[in-house]
Amino acid sequence: MRSGSETFVKAAGLVGLAGLVVAFPGLASDPFVLSVGVVIISYAVLATAWNFVGGFTGYISLGHAAYSGLGGYATGLLILRADVNPWVALLLGGLVVAVLAVPVGIAALRVRGASFVIVSIALVLVLLLVFQSWESVTGGSDGLRVPRPFDADVLRPEQHQRFFHLHAVLLAVMLLCWWVIDRSRFGMGLKAIREDEDKARSLGVPTVRYKLAAFVVSAFFTALGGGLYALWFGFLDPIFQFSILVGSNMVLMSLLGGVRSLFGPLVGAVVVGYATEFFKAQYGDTQMHLVAMGVLLAVVVLFLPDGIIPAVRGLLARLRPGQASIREVTQEELAAEVRR
Amino acid sequence: MNGLRVAGLTKSFGGVRAVDEASVTFRHGRINALIGPNGSGKTTFFNCVTGMVKPDAGTVTYHGRDITGRGAHKIAHAGIGRSFQLCRVFPRLTAVENLLAAVRPGSVLRALAPARLKADVDRALALLTRVGIEHLADVEARDLSYGQQKLLELAGVLMADPETILLDEPAGGVNPALIERIGVLVRELNAEGRTFLIVEHNMDLVMSLSDHVVVFDRGRPIAEGPPDAVRADPVVLAAYLGG
Ligand SMILES: Nc1ncnc2c1ncn2[C@@H]1O[C@H](COP(=O)(O)OP(=O)(O)OP(=O)(O)O)[C@@H](O)[C@H]1O
Ligand SMILES: [Mg+2]
């Protein structure tokens, strides 16, 4: 069904995208632009990680900051308190969070819909309190200074460049995993859960195990994203780490780009990240950028319910000559059905 | 002990005893019908048997194995498939994907194998052909008519290759021509060795199709036997007329 030219366009697009990501730090000579680039790609990492559970299973977690925050703190604390190599600490942090995600997932995934959203938020609030008050270990509300993994003679722009590329590598690994799951039997089972969980159960899909697996993978990658960000930023404050806003951003970006599309969260992160910086620059240090984001979200929900990527794809399909829409095909088939 | 046996099955919702100490044995290898007035507990009975809800009391055995309260997917793996009263399909998956979702991976590693393996797709297309909607294979289920969705649901159930199939009102809300087609399909599938247990209000279909009829009233069987005998049973008539 898929034509050769379509495959070619896709491959070319992929190569172009990769080229852009590799070249971006070189093109952006200004350290500020570079740091914005790191922030955006970090959001792309987090949103894509979120989408392993949100996109496949339809369980909307507003509390994924729990896993990015824990990943950041685990990385920082392993370096500071156990003198672990930063990169090993990052990986260990991810694994620790993945292990923690098993009991959390078993408990949280028992409830669906709005109840799951509430449960996911509750965890972030609990973690915020714990990390604020457990001063002796976490540094409390004063925050935690995370040592930089690169030597002091690596200058600021160079740091940004390296971290941009590290994030890009992590993002590429995640996209590959998402792609593999998307076309797998496991992925088909997850999508069935998203569509109708009880129906999926009745057909033999082991829903509990499947949801949990997706949840743990998502938490693992989210923690890696949080840890990498911590290494770059060098400072963790519980109020920003365990924030509903961070989780909401992952949801917003994924929904905006399209949760059913491989590149949806990435596209959403670029749009939201860029828009946020733009609005901040416009309105200065006020909360106006939040209002602007709210309007953007409303526009998306009203006009692009499936997100940007499906909307663009639909538009292209309609522009292509000789390509009937699915609806028309069904009508024809229905007519044929009647004649039979 | 061959086939499905249910003993003392009970399920309450608040004060309502939807299924009330129901004990039923079904004719394995045959087409069994389960009839009864609205609200007599037929769907709840199905839900208990297939693990969709946990019964409060009683046992369900299949080929002598106790499957009471097992997870729904385990009961599906044991060889019991079902359809839903208000036809349920995966709306945003295509017809062929609806079927592929019912493929059992077998192992963790094979769960990561592509869902569109040729053998699986071929089997799915063959089933879609069998129910007569192969031309809609790549259409999302939500774009199908209700009748087509019913056929798709049946094909999905068959994809899991169940030995025993529970259908909840297969003729509900579909036109007479399609009822005919579903009847023919059920008879063919039964001839191939699949046991059926069908909840149905369409008496013509029940009488023409079934070998054995169980009548439910207020959560328990009040009569059973061959269709003709059940139809003439005064107890059954009283249940339907008296409410
Ligand atoms: N989830 C539920 N919560 C509360 N009550 C329920 C639930 N499911 C069923 N009931 C009640 O249990 C009783 C039996 O319902 P059930 O759906 O099993 O009947 P039925 O025989 O399938 O009826 P119908 O022929 O109309 O489909 C009814 O009184 C119904 O209101
Ligand atoms: Mg019913």
# chains A, B, ... in the order shown; residues from 1 in each chain; ligands from 1

call {"tool": "residues_near_ligand", "arguments": {"ligand": "ligand 2", "cutoff": "10 Å", "atoms": "only C-alpha atoms and all ligand atoms", "output": "list in words"}}
result
Ile35, Gly36, Pro37, Asn38, Gly39, Ser40, Gly41, Lys42, Thr43, Thr44, Phe45, Phe46, Asn47, Phe84, Gln85, Leu86, Asp168, Glu169, Val199, Glu200 and His201 of chain B

call {"tool": "interface_residues", "arguments": {"of": "chain A", "to": "chain B", "cutoff": "9 Å", "atoms": "only C-alpha atoms", "output": "mmCIF file with all heavy atoms, in the first residue's frame"}}
result
data_model
loop_
_atom_site.group_PDB
_atom_site.id
_atom_site.type_symbol
_atom_site.label_atom_id
_atom_site.label_comp_id
_atom_site.auth_asym_id
_atom_site.auth_seq_id
_atom_site.Cartn_x
_atom_site.Cartn_y
_atom_site.Cartn_z
ATOM 1 N N VAL A 180 9.762 0.604 17.393
ATOM 2 C CA VAL A 180 9.722 -0.866 17.466
ATOM 3 C C VAL A 180 8.436 -1.326 18.155
ATOM 4 O O VAL A 180 7.734 -2.218 17.668
ATOM 5 C CB VAL A 180 10.963 -1.418 18.216
ATOM 6 C CG1 VAL A 180 10.782 -2.887 18.555
ATOM 7 C CG2 VAL A 180 12.220 -1.220 17.378
ATOM 8 N N ILE A 181 8.109 -0.686 19.281
ATOM 9 C CA ILE A 181 6.897 -1.079 20.010
ATOM 10 C C ILE A 181 5.662 -0.786 19.167
ATOM 11 O O ILE A 181 4.733 -1.593 19.100
ATOM 12 C CB ILE A 181 6.815 -0.341 21.360
ATOM 13 C CG1 ILE A 181 7.924 -0.835 22.292
ATOM 14 C CG2 ILE A 181 5.453 -0.577 22.027
ATOM 15 C CD1 ILE A 181 7.989 -0.117 23.621
ATOM 16 N N ASP A 182 5.671 0.351 18.480
ATOM 17 C CA ASP A 182 4.511 0.776 17.696
ATOM 18 C C ASP A 182 4.086 -0.281 16.689
ATOM 19 O O ASP A 182 2.911 -0.484 16.447
ATOM 20 C CB ASP A 182 4.844 2.103 16.990
ATOM 21 C CG ASP A 182 3.621 2.708 16.312
ATOM 22 O OD1 ASP A 182 2.530 2.626 16.912
ATOM 23 O OD2 ASP A 182 3.748 3.252 15.209
ATOM 24 N N ARG A 183 5.081 -0.944 16.084
ATOM 25 C CA ARG A 183 4.697 -1.915 15.060
ATOM 26 C C ARG A 183 4.678 -3.346 15.589
ATOM 27 O O ARG A 183 4.463 -4.280 14.831
ATOM 28 C CB ARG A 183 5.608 -1.781 13.831
ATOM 29 C CG ARG A 183 7.078 -1.665 14.112
ATOM 30 C CD ARG A 183 7.816 -0.969 12.975
ATOM 31 N NE ARG A 183 7.657 -1.617 11.685
ATOM 32 C CZ ARG A 183 8.245 -2.763 11.347
ATOM 33 N NH1 ARG A 183 9.015 -3.394 12.192
ATOM 34 N NH2 ARG A 183 8.055 -3.266 10.140
ATOM 35 N N SER A 184 4.889 -3.522 16.898
ATOM 36 C CA SER A 184 4.962 -4.871 17.462
ATOM 37 C C SER A 184 3.595 -5.374 17.924
ATOM 38 O O SER A 184 2.625 -4.631 18.006
ATOM 39 C CB SER A 184 5.922 -4.878 18.650
ATOM 40 O OG SER A 184 5.331 -4.190 19.735
ATOM 41 N N ARG A 185 3.555 -6.655 18.253
ATOM 42 C CA ARG A 185 2.348 -7.246 18.840
ATOM 43 C C ARG A 185 2.060 -6.597 20.184
ATOM 44 O O ARG A 185 0.910 -6.330 20.521
ATOM 45 C CB ARG A 185 2.566 -8.740 19.040
ATOM 46 C CG ARG A 185 2.615 -9.503 17.758
ATOM 47 C CD ARG A 185 3.136 -10.892 18.015
ATOM 48 N NE ARG A 185 2.891 -11.759 16.863
ATOM 49 C CZ ARG A 185 3.341 -13.000 16.794
ATOM 50 N NH1 ARG A 185 4.031 -13.511 17.795
ATOM 51 N NH2 ARG A 185 3.084 -13.734 15.739
ATOM 52 N N PHE A 186 3.120 -6.380 20.956
ATOM 53 C CA PHE A 186 2.994 -5.687 22.242
ATOM 54 C C PHE A 186 2.314 -4.337 22.040
ATOM 55 O O PHE A 186 1.362 -3.985 22.748
ATOM 56 C CB PHE A 186 4.405 -5.528 22.837
ATOM 57 C CG PHE A 186 4.503 -4.681 24.078
ATOM 58 C CD1 PHE A 186 3.653 -4.890 25.157
ATOM 59 C CD2 PHE A 186 5.475 -3.685 24.173
ATOM 60 C CE1 PHE A 186 3.764 -4.115 26.304
ATOM 61 C CE2 PHE A 186 5.590 -2.924 25.311
ATOM 62 C CZ PHE A 186 4.732 -3.130 26.373
ATOM 63 N N GLY A 187 2.777 -3.606 21.025
ATOM 64 C CA GLY A 187 2.204 -2.292 20.741
ATOM 65 C C GLY A 187 0.738 -2.386 20.347
ATOM 66 O O GLY A 187 -0.077 -1.556 20.745
ATOM 67 N N MET A 188 0.406 -3.403 19.562
ATOM 68 C CA MET A 188 -0.989 -3.573 19.153
ATOM 69 C C MET A 188 -1.857 -3.830 20.383
ATOM 70 O O MET A 188 -2.972 -3.312 20.494
ATOM 71 C CB MET A 188 -1.097 -4.730 18.157
ATOM 72 C CG MET A 188 -2.407 -4.774 17.398
ATOM 73 S SD MET A 188 -2.694 -3.304 16.390
ATOM 74 C CE MET A 188 -1.725 -3.702 14.933
ATOM 75 N N GLY A 189 -1.314 -4.622 21.322
ATOM 76 C CA GLY A 189 -2.046 -4.874 22.566
ATOM 77 C C GLY A 189 -2.240 -3.589 23.364
ATOM 78 O O GLY A 189 -3.321 -3.329 23.897
ATOM 79 N N LEU A 190 -1.183 -2.763 23.423
ATOM 80 C CA LEU A 190 -1.285 -1.492 24.148
ATOM 81 C C LEU A 190 -2.337 -0.592 23.514
ATOM 82 O O LEU A 190 -3.129 0.053 24.208
ATOM 83 C CB LEU A 190 0.069 -0.781 24.162
ATOM 84 C CG LEU A 190 1.178 -1.433 24.992
ATOM 85 C CD1 LEU A 190 2.491 -0.673 24.816
ATOM 86 C CD2 LEU A 190 0.804 -1.480 26.471
ATOM 87 N N LYS A 191 -2.354 -0.549 22.189
ATOM 88 C CA LYS A 191 -3.339 0.293 21.511
ATOM 89 C C LYS A 191 -4.744 -0.228 21.757
ATOM 90 O O LYS A 191 -5.694 0.552 21.885
ATOM 91 C CB LYS A 191 -3.040 0.346 20.013
ATOM 92 C CG LYS A 191 -1.838 1.218 19.693
ATOM 93 C CD LYS A 191 -1.549 1.212 18.209
ATOM 94 C CE LYS A 191 -0.092 0.873 17.980
ATOM 95 N NZ LYS A 191 0.245 0.717 16.566
ATOM 96 N N ALA A 192 -4.876 -1.548 21.808
ATOM 97 C CA ALA A 192 -6.190 -2.128 22.116
ATOM 98 C C ALA A 192 -6.635 -1.684 23.511
ATOM 99 O O ALA A 192 -7.799 -1.346 23.721
ATOM 100 C CB ALA A 192 -6.124 -3.653 22.039
ATOM 101 N N ILE A 193 -5.695 -1.645 24.448
ATOM 102 C CA ILE A 193 -6.011 -1.171 25.806
ATOM 103 C C ILE A 193 -6.473 0.278 25.760
ATOM 104 O O ILE A 193 -7.450 0.654 26.401
ATOM 105 C CB ILE A 193 -4.768 -1.305 26.716
ATOM 106 C CG1 ILE A 193 -4.464 -2.775 26.980
ATOM 107 C CG2 ILE A 193 -4.977 -0.543 28.028
ATOM 108 C CD1 ILE A 193 -3.151 -3.025 27.686
ATOM 109 N N ARG A 194 -5.779 1.092 24.962
ATOM 110 C CA ARG A 194 -6.151 2.496 24.826
ATOM 111 C C ARG A 194 -7.574 2.627 24.280
ATOM 112 O O ARG A 194 -8.359 3.450 24.749
ATOM 113 C CB ARG A 194 -5.169 3.181 23.869
ATOM 114 C CG ARG A 194 -5.503 4.627 23.563
ATOM 115 C CD ARG A 194 -4.545 5.194 22.535
ATOM 116 N NE ARG A 194 -4.831 4.661 21.215
ATOM 117 C CZ ARG A 194 -3.953 4.620 20.211
ATOM 118 N NH1 ARG A 194 -2.729 5.048 20.402
ATOM 119 N NH2 ARG A 194 -4.288 4.138 19.045
ATOM 120 N N GLU A 195 -7.912 1.783 23.326
ATOM 121 C CA GLU A 195 -9.222 1.883 22.677
ATOM 122 C C GLU A 195 -10.344 1.362 23.569
ATOM 123 O O GLU A 195 -11.408 1.961 23.634
ATOM 124 C CB GLU A 195 -9.207 1.089 21.366
ATOM 125 C CG GLU A 195 -8.237 1.632 20.340
ATOM 126 C CD GLU A 195 -8.687 2.966 19.787
ATOM 127 O OE1 GLU A 195 -9.834 3.051 19.358
ATOM 128 O OE2 GLU A 195 -7.894 3.923 19.820
ATOM 129 N N ASP A 196 -10.140 0.223 24.180
ATOM 130 C CA ASP A 196 -11.185 -0.388 25.003
ATOM 131 C C ASP A 196 -10.544 -1.499 25.842
ATOM 132 O O ASP A 196 -10.350 -2.618 25.370
ATOM 133 C CB ASP A 196 -12.297 -0.967 24.115
ATOM 134 C CG ASP A 196 -13.476 -1.487 24.923
ATOM 135 O OD1 ASP A 196 -13.300 -1.783 26.128
ATOM 136 O OD2 ASP A 196 -14.573 -1.601 24.356
ATOM 137 N N ASP A 198 -11.470 -3.313 28.492
ATOM 138 C CA ASP A 198 -12.187 -4.550 28.807
ATOM 139 C C ASP A 198 -12.310 -5.445 27.579
ATOM 140 O O ASP A 198 -12.199 -6.663 27.674
ATOM 141 C CB ASP A 198 -13.574 -4.227 29.366
ATOM 142 C CG ASP A 198 -13.489 -3.735 30.798
ATOM 143 O OD1 ASP A 198 -12.574 -4.182 31.521
ATOM 144 O OD2 ASP A 198 -14.307 -2.888 31.196
ATOM 145 N N LYS A 199 -12.534 -4.815 26.446
ATOM 146 C CA LYS A 199 -12.586 -5.584 25.200
ATOM 147 C C LYS A 199 -11.245 -6.282 24.975
ATOM 148 O O LYS A 199 -11.195 -7.453 24.602
ATOM 149 C CB LYS A 199 -12.910 -4.638 24.040
ATOM 150 C CG LYS A 199 -12.875 -5.279 22.679
ATOM 151 C CD LYS A 199 -14.029 -6.210 22.461
ATOM 152 C CE LYS A 199 -13.850 -6.955 21.138
ATOM 153 N NZ LYS A 199 -14.870 -7.988 20.974
ATOM 154 N N ALA A 200 -10.163 -5.557 25.224
ATOM 155 C CA ALA A 200 -8.830 -6.131 25.046
ATOM 156 C C ALA A 200 -8.633 -7.335 25.960
ATOM 157 O O ALA A 200 -8.135 -8.377 25.539
ATOM 158 C CB ALA A 200 -7.756 -5.068 25.323
ATOM 159 N N ARG A 201 -9.066 -7.189 27.211
ATOM 160 C CA ARG A 201 -8.946 -8.310 28.151
ATOM 161 C C ARG A 201 -9.691 -9.532 27.628
ATOM 162 O O ARG A 201 -9.212 -10.659 27.703
ATOM 163 C CB ARG A 201 -9.557 -7.926 29.513
ATOM 164 C CG ARG A 201 -8.751 -6.919 30.287
ATOM 165 C CD ARG A 201 -9.098 -6.991 31.764
ATOM 166 N NE ARG A 201 -10.488 -6.683 32.059
ATOM 167 C CZ ARG A 201 -11.160 -7.176 33.092
ATOM 168 N NH1 ARG A 201 -10.572 -8.007 33.919
ATOM 169 N NH2 ARG A 201 -12.401 -6.826 33.308
ATOM 170 N N SER A 202 -10.902 -9.276 27.113
ATOM 171 C CA SER A 202 -11.732 -10.396 26.686
ATOM 172 C C SER A 202 -11.120 -11.125 25.491
ATOM 173 O O SER A 202 -11.431 -12.275 25.243
ATOM 174 C CB SER A 202 -13.149 -9.919 26.351
ATOM 175 O OG SER A 202 -13.175 -9.342 25.061
ATOM 176 N N LEU A 203 -10.249 -10.428 24.762
ATOM 177 C CA LEU A 203 -9.592 -11.070 23.615
ATOM 178 C C LEU A 203 -8.286 -11.742 24.020
ATOM 179 O O LEU A 203 -7.590 -12.303 23.184
ATOM 180 C CB LEU A 203 -9.323 -10.037 22.522
ATOM 181 C CG LEU A 203 -10.546 -9.563 21.735
ATOM 182 C CD1 LEU A 203 -10.159 -8.487 20.742
ATOM 183 C CD2 LEU A 203 -11.210 -10.730 21.011
ATOM 184 N N GLY A 204 -7.922 -11.644 25.291
ATOM 185 C CA GLY A 204 -6.736 -12.339 25.760
ATOM 186 C C GLY A 204 -5.509 -11.466 25.952
ATOM 187 O O GLY A 204 -4.425 -11.969 26.231
ATOM 188 N N VAL A 205 -5.645 -10.158 25.798
ATOM 189 C CA VAL A 205 -4.496 -9.275 26.028
ATOM 190 C C VAL A 205 -4.237 -9.181 27.530
ATOM 191 O O VAL A 205 -5.139 -8.831 28.292
ATOM 192 C CB VAL A 205 -4.756 -7.852 25.469
ATOM 193 C CG1 VAL A 205 -3.579 -6.948 25.754
ATOM 194 C CG2 VAL A 205 -5.059 -7.911 23.980
ATOM 195 N N PRO A 206 -3.024 -9.537 27.986
ATOM 196 C CA PRO A 206 -2.720 -9.441 29.423
ATOM 197 C C PRO A 206 -2.540 -7.973 29.812
ATOM 198 O O PRO A 206 -1.421 -7.474 29.908
ATOM 199 C CB PRO A 206 -1.418 -10.235 29.573
ATOM 200 C CG PRO A 206 -0.809 -10.258 28.225
ATOM 201 C CD PRO A 206 -1.889 -10.040 27.207
ATOM 202 N N THR A 207 -3.640 -7.300 30.040
ATOM 203 C CA THR A 207 -3.635 -5.837 30.140
ATOM 204 C C THR A 207 -2.780 -5.325 31.297
ATOM 205 O O THR A 207 -2.074 -4.337 31.146
ATOM 206 C CB THR A 207 -5.065 -5.304 30.302
ATOM 207 O OG1 THR A 207 -5.701 -5.992 31.364
ATOM 208 C CG2 THR A 207 -5.866 -5.525 29.041
ATOM 209 N N ILE A 326 -11.103 8.296 3.102
ATOM 210 C CA ILE A 326 -11.579 7.014 3.610
ATOM 211 C C ILE A 326 -13.106 6.975 3.614
ATOM 212 O O ILE A 326 -13.715 5.985 3.262
ATOM 213 C CB ILE A 326 -11.023 6.786 5.027
ATOM 214 C CG1 ILE A 326 -9.574 6.341 4.923
ATOM 215 C CG2 ILE A 326 -11.835 5.733 5.759
ATOM 216 C CD1 ILE A 326 -8.915 6.143 6.246
ATOM 217 N N ARG A 327 -13.697 8.097 3.989
ATOM 218 C CA ARG A 327 -15.150 8.172 4.049
ATOM 219 C C ARG A 327 -15.788 7.782 2.719
ATOM 220 O O ARG A 327 -16.712 6.995 2.661
ATOM 221 C CB ARG A 327 -15.581 9.597 4.418
ATOM 222 C CG ARG A 327 -15.896 9.775 5.878
ATOM 223 C CD ARG A 327 -17.108 8.960 6.271
ATOM 224 N NE ARG A 327 -17.323 9.018 7.700
ATOM 225 C CZ ARG A 327 -18.129 8.219 8.360
ATOM 226 N NH1 ARG A 327 -18.770 7.268 7.731
ATOM 227 N NH2 ARG A 327 -18.289 8.337 9.650
ATOM 228 N N VAL A 329 -14.554 6.073 0.315
ATOM 229 C CA VAL A 329 -14.353 4.657 0.040
ATOM 230 C C VAL A 329 -15.435 3.844 0.743
ATOM 231 O O VAL A 329 -16.078 2.994 0.144
ATOM 232 C CB VAL A 329 -12.956 4.194 0.519
ATOM 233 C CG1 VAL A 329 -12.829 2.691 0.384
ATOM 234 C CG2 VAL A 329 -11.883 4.887 -0.308
ATOM 235 N N THR A 330 -15.681 4.174 2.004
ATOM 236 C CA THR A 330 -16.678 3.408 2.753
ATOM 237 C C THR A 330 -18.051 3.531 2.117
ATOM 238 O O THR A 330 -18.779 2.549 2.046
ATOM 239 C CB THR A 330 -16.781 3.886 4.212
ATOM 240 O OG1 THR A 330 -15.752 4.786 4.467
ATOM 241 C CG2 THR A 330 -16.756 2.734 5.150
ATOM 242 N N GLU A 333 -18.225 1.271 -0.720
ATOM 243 C CA GLU A 333 -18.286 -0.114 -0.266
ATOM 244 C C GLU A 333 -19.678 -0.426 0.258
ATOM 245 O O GLU A 333 -20.219 -1.498 0.037
ATOM 246 C CB GLU A 333 -17.273 -0.350 0.856
ATOM 247 C CG GLU A 333 -15.906 0.215 0.588
ATOM 248 C CD GLU A 333 -15.060 -0.745 -0.213
ATOM 249 O OE1 GLU A 333 -15.441 -1.911 -0.265
ATOM 250 O OE2 GLU A 333 -14.060 -0.334 -0.790
ATOM 251 N N LEU A 334 -20.238 0.551 0.955
ATOM 252 C CA LEU A 334 -21.577 0.354 1.509
ATOM 253 C C LEU A 334 -22.576 0.115 0.389
ATOM 254 O O LEU A 334 -23.429 -0.756 0.469
ATOM 255 C CB LEU A 334 -21.983 1.587 2.323
ATOM 256 C CG LEU A 334 -21.454 1.601 3.753
ATOM 257 C CD1 LEU A 334 -21.755 2.940 4.406
ATOM 258 C CD2 LEU A 334 -22.072 0.473 4.561
#

call {"tool": "select_by_dssp", "arguments": {"residues": "segment 5-228 of chain B", "states": "strand (DSSP E)", "output": "PyMOL selection string"}}
result
chain B and resi 5-13+16-25+31-35+57-62+65-66+80-82+164-168+195-199+212-217+220-225

call {"tool": "closest_residue", "arguments": {"among": "A:Leu46, A:Leu14, A:Leu224, A:Leu316", "to": "Pro265 of chain A", "atoms": "only C-alpha atoms"}}
result
A:Leu46

call {"tool": "atom_distance", "arguments": {"atom1": "atom CA of Val45 of chain A", "atom2": "atom CA of Met174 of chain A"}}
result
8.0 Å

call {"tool": "decode", "arguments": {"residues": "segment 5-13 of chain A", "atoms": "all heavy atoms", "output": "PDB file, in the first residue's frame"}}
result
ATOM      1  N   SER A   5       7.766   6.322  -3.419  1.00  0.00           N
ATOM      2  CA  SER A   5       8.081   7.736  -3.263  1.00  0.00           C
ATOM      3  C   SER A   5       7.822   8.196  -1.827  1.00  0.00           C
ATOM      4  O   SER A   5       8.543   9.024  -1.286  1.00  0.00           O
ATOM      5  CB  SER A   5       7.265   8.572  -4.244  1.00  0.00           C
ATOM      6  OG  SER A   5       5.904   8.547  -3.879  1.00  0.00           O
ATOM      7  N   GLU A   6       6.797   7.599  -1.200  1.00  0.00           N
ATOM      8  CA  GLU A   6       6.493   7.978   0.179  1.00  0.00           C
ATOM      9  C   GLU A   6       7.627   7.564   1.113  1.00  0.00           C
ATOM     10  O   GLU A   6       8.047   8.317   1.982  1.00  0.00           O
ATOM     11  CB  GLU A   6       5.179   7.321   0.608  1.00  0.00           C
ATOM     12  CG  GLU A   6       4.549   8.013   1.805  1.00  0.00           C
ATOM     13  CD  GLU A   6       3.233   7.364   2.188  1.00  0.00           C
ATOM     14  OE1 GLU A   6       2.466   7.006   1.283  1.00  0.00           O
ATOM     15  OE2 GLU A   6       2.995   7.209   3.384  1.00  0.00           O
ATOM     16  N   THR A   7       8.137   6.335   0.889  1.00  0.00           N
ATOM     17  CA  THR A   7       9.265   5.861   1.682  1.00  0.00           C
ATOM     18  C   THR A   7      10.456   6.782   1.498  1.00  0.00           C
ATOM     19  O   THR A   7      11.155   7.118   2.455  1.00  0.00           O
ATOM     20  CB  THR A   7       9.654   4.434   1.250  1.00  0.00           C
ATOM     21  OG1 THR A   7       8.466   3.674   1.116  1.00  0.00           O
ATOM     22  CG2 THR A   7      10.574   3.794   2.267  1.00  0.00           C
ATOM     23  N   PHE A   8      10.675   7.198   0.234  1.00  0.00           N
ATOM     24  CA  PHE A   8      11.805   8.068  -0.055  1.00  0.00           C
ATOM     25  C   PHE A   8      11.661   9.398   0.683  1.00  0.00           C
ATOM     26  O   PHE A   8      12.608   9.880   1.305  1.00  0.00           O
ATOM     27  CB  PHE A   8      11.897   8.309  -1.566  1.00  0.00           C
ATOM     28  CG  PHE A   8      12.999   9.266  -1.936  1.00  0.00           C
ATOM     29  CD1 PHE A   8      14.329   8.845  -1.923  1.00  0.00           C
ATOM     30  CD2 PHE A   8      12.719  10.582  -2.276  1.00  0.00           C
ATOM     31  CE1 PHE A   8      15.342   9.724  -2.243  1.00  0.00           C
ATOM     32  CE2 PHE A   8      13.730  11.461  -2.596  1.00  0.00           C
ATOM     33  CZ  PHE A   8      15.050  11.027  -2.587  1.00  0.00           C
ATOM     34  N   VAL A   9      10.458   9.972   0.617  1.00  0.00           N
ATOM     35  CA  VAL A   9      10.218  11.249   1.298  1.00  0.00           C
ATOM     36  C   VAL A   9      10.470  11.107   2.793  1.00  0.00           C
ATOM     37  O   VAL A   9      11.091  11.951   3.433  1.00  0.00           O
ATOM     38  CB  VAL A   9       8.776  11.742   1.032  1.00  0.00           C
ATOM     39  CG1 VAL A   9       8.424  12.906   1.951  1.00  0.00           C
ATOM     40  CG2 VAL A   9       8.614  12.140  -0.422  1.00  0.00           C
ATOM     41  N   LYS A  10       9.998   9.984   3.344  1.00  0.00           N
ATOM     42  CA  LYS A  10      10.190   9.752   4.777  1.00  0.00           C
ATOM     43  C   LYS A  10      11.670   9.656   5.131  1.00  0.00           C
ATOM     44  O   LYS A  10      12.136  10.263   6.081  1.00  0.00           O
ATOM     45  CB  LYS A  10       9.486   8.457   5.190  1.00  0.00           C
ATOM     46  CG  LYS A  10       8.044   8.685   5.577  1.00  0.00           C
ATOM     47  CD  LYS A  10       7.481   7.442   6.228  1.00  0.00           C
ATOM     48  CE  LYS A  10       6.063   7.710   6.687  1.00  0.00           C
ATOM     49  NZ  LYS A  10       5.363   6.500   7.072  1.00  0.00           N
ATOM     50  N   ALA A  11      12.401   8.853   4.348  1.00  0.00           N
ATOM     51  CA  ALA A  11      13.834   8.667   4.608  1.00  0.00           C
ATOM     52  C   ALA A  11      14.561  10.003   4.504  1.00  0.00           C
ATOM     53  O   ALA A  11      15.382  10.350   5.360  1.00  0.00           O
ATOM     54  CB  ALA A  11      14.413   7.657   3.628  1.00  0.00           C
ATOM     55  N   ALA A  12      14.213  10.778   3.455  1.00  0.00           N
ATOM     56  CA  ALA A  12      14.851  12.070   3.260  1.00  0.00           C
ATOM     57  C   ALA A  12      14.541  12.995   4.441  1.00  0.00           C
ATOM     58  O   ALA A  12      15.426  13.683   4.949  1.00  0.00           O
ATOM     59  CB  ALA A  12      14.363  12.700   1.952  1.00  0.00           C
ATOM     60  N   GLY A  13      13.299  12.977   4.881  1.00  0.00           N
ATOM     61  CA  GLY A  13      12.900  13.798   6.016  1.00  0.00           C
ATOM     62  C   GLY A  13      13.680  13.443   7.262  1.00  0.00           C
ATOM     63  O   GLY A  13      14.147  14.312   8.013  1.00  0.00           O
TER      64      GLY A  13
END
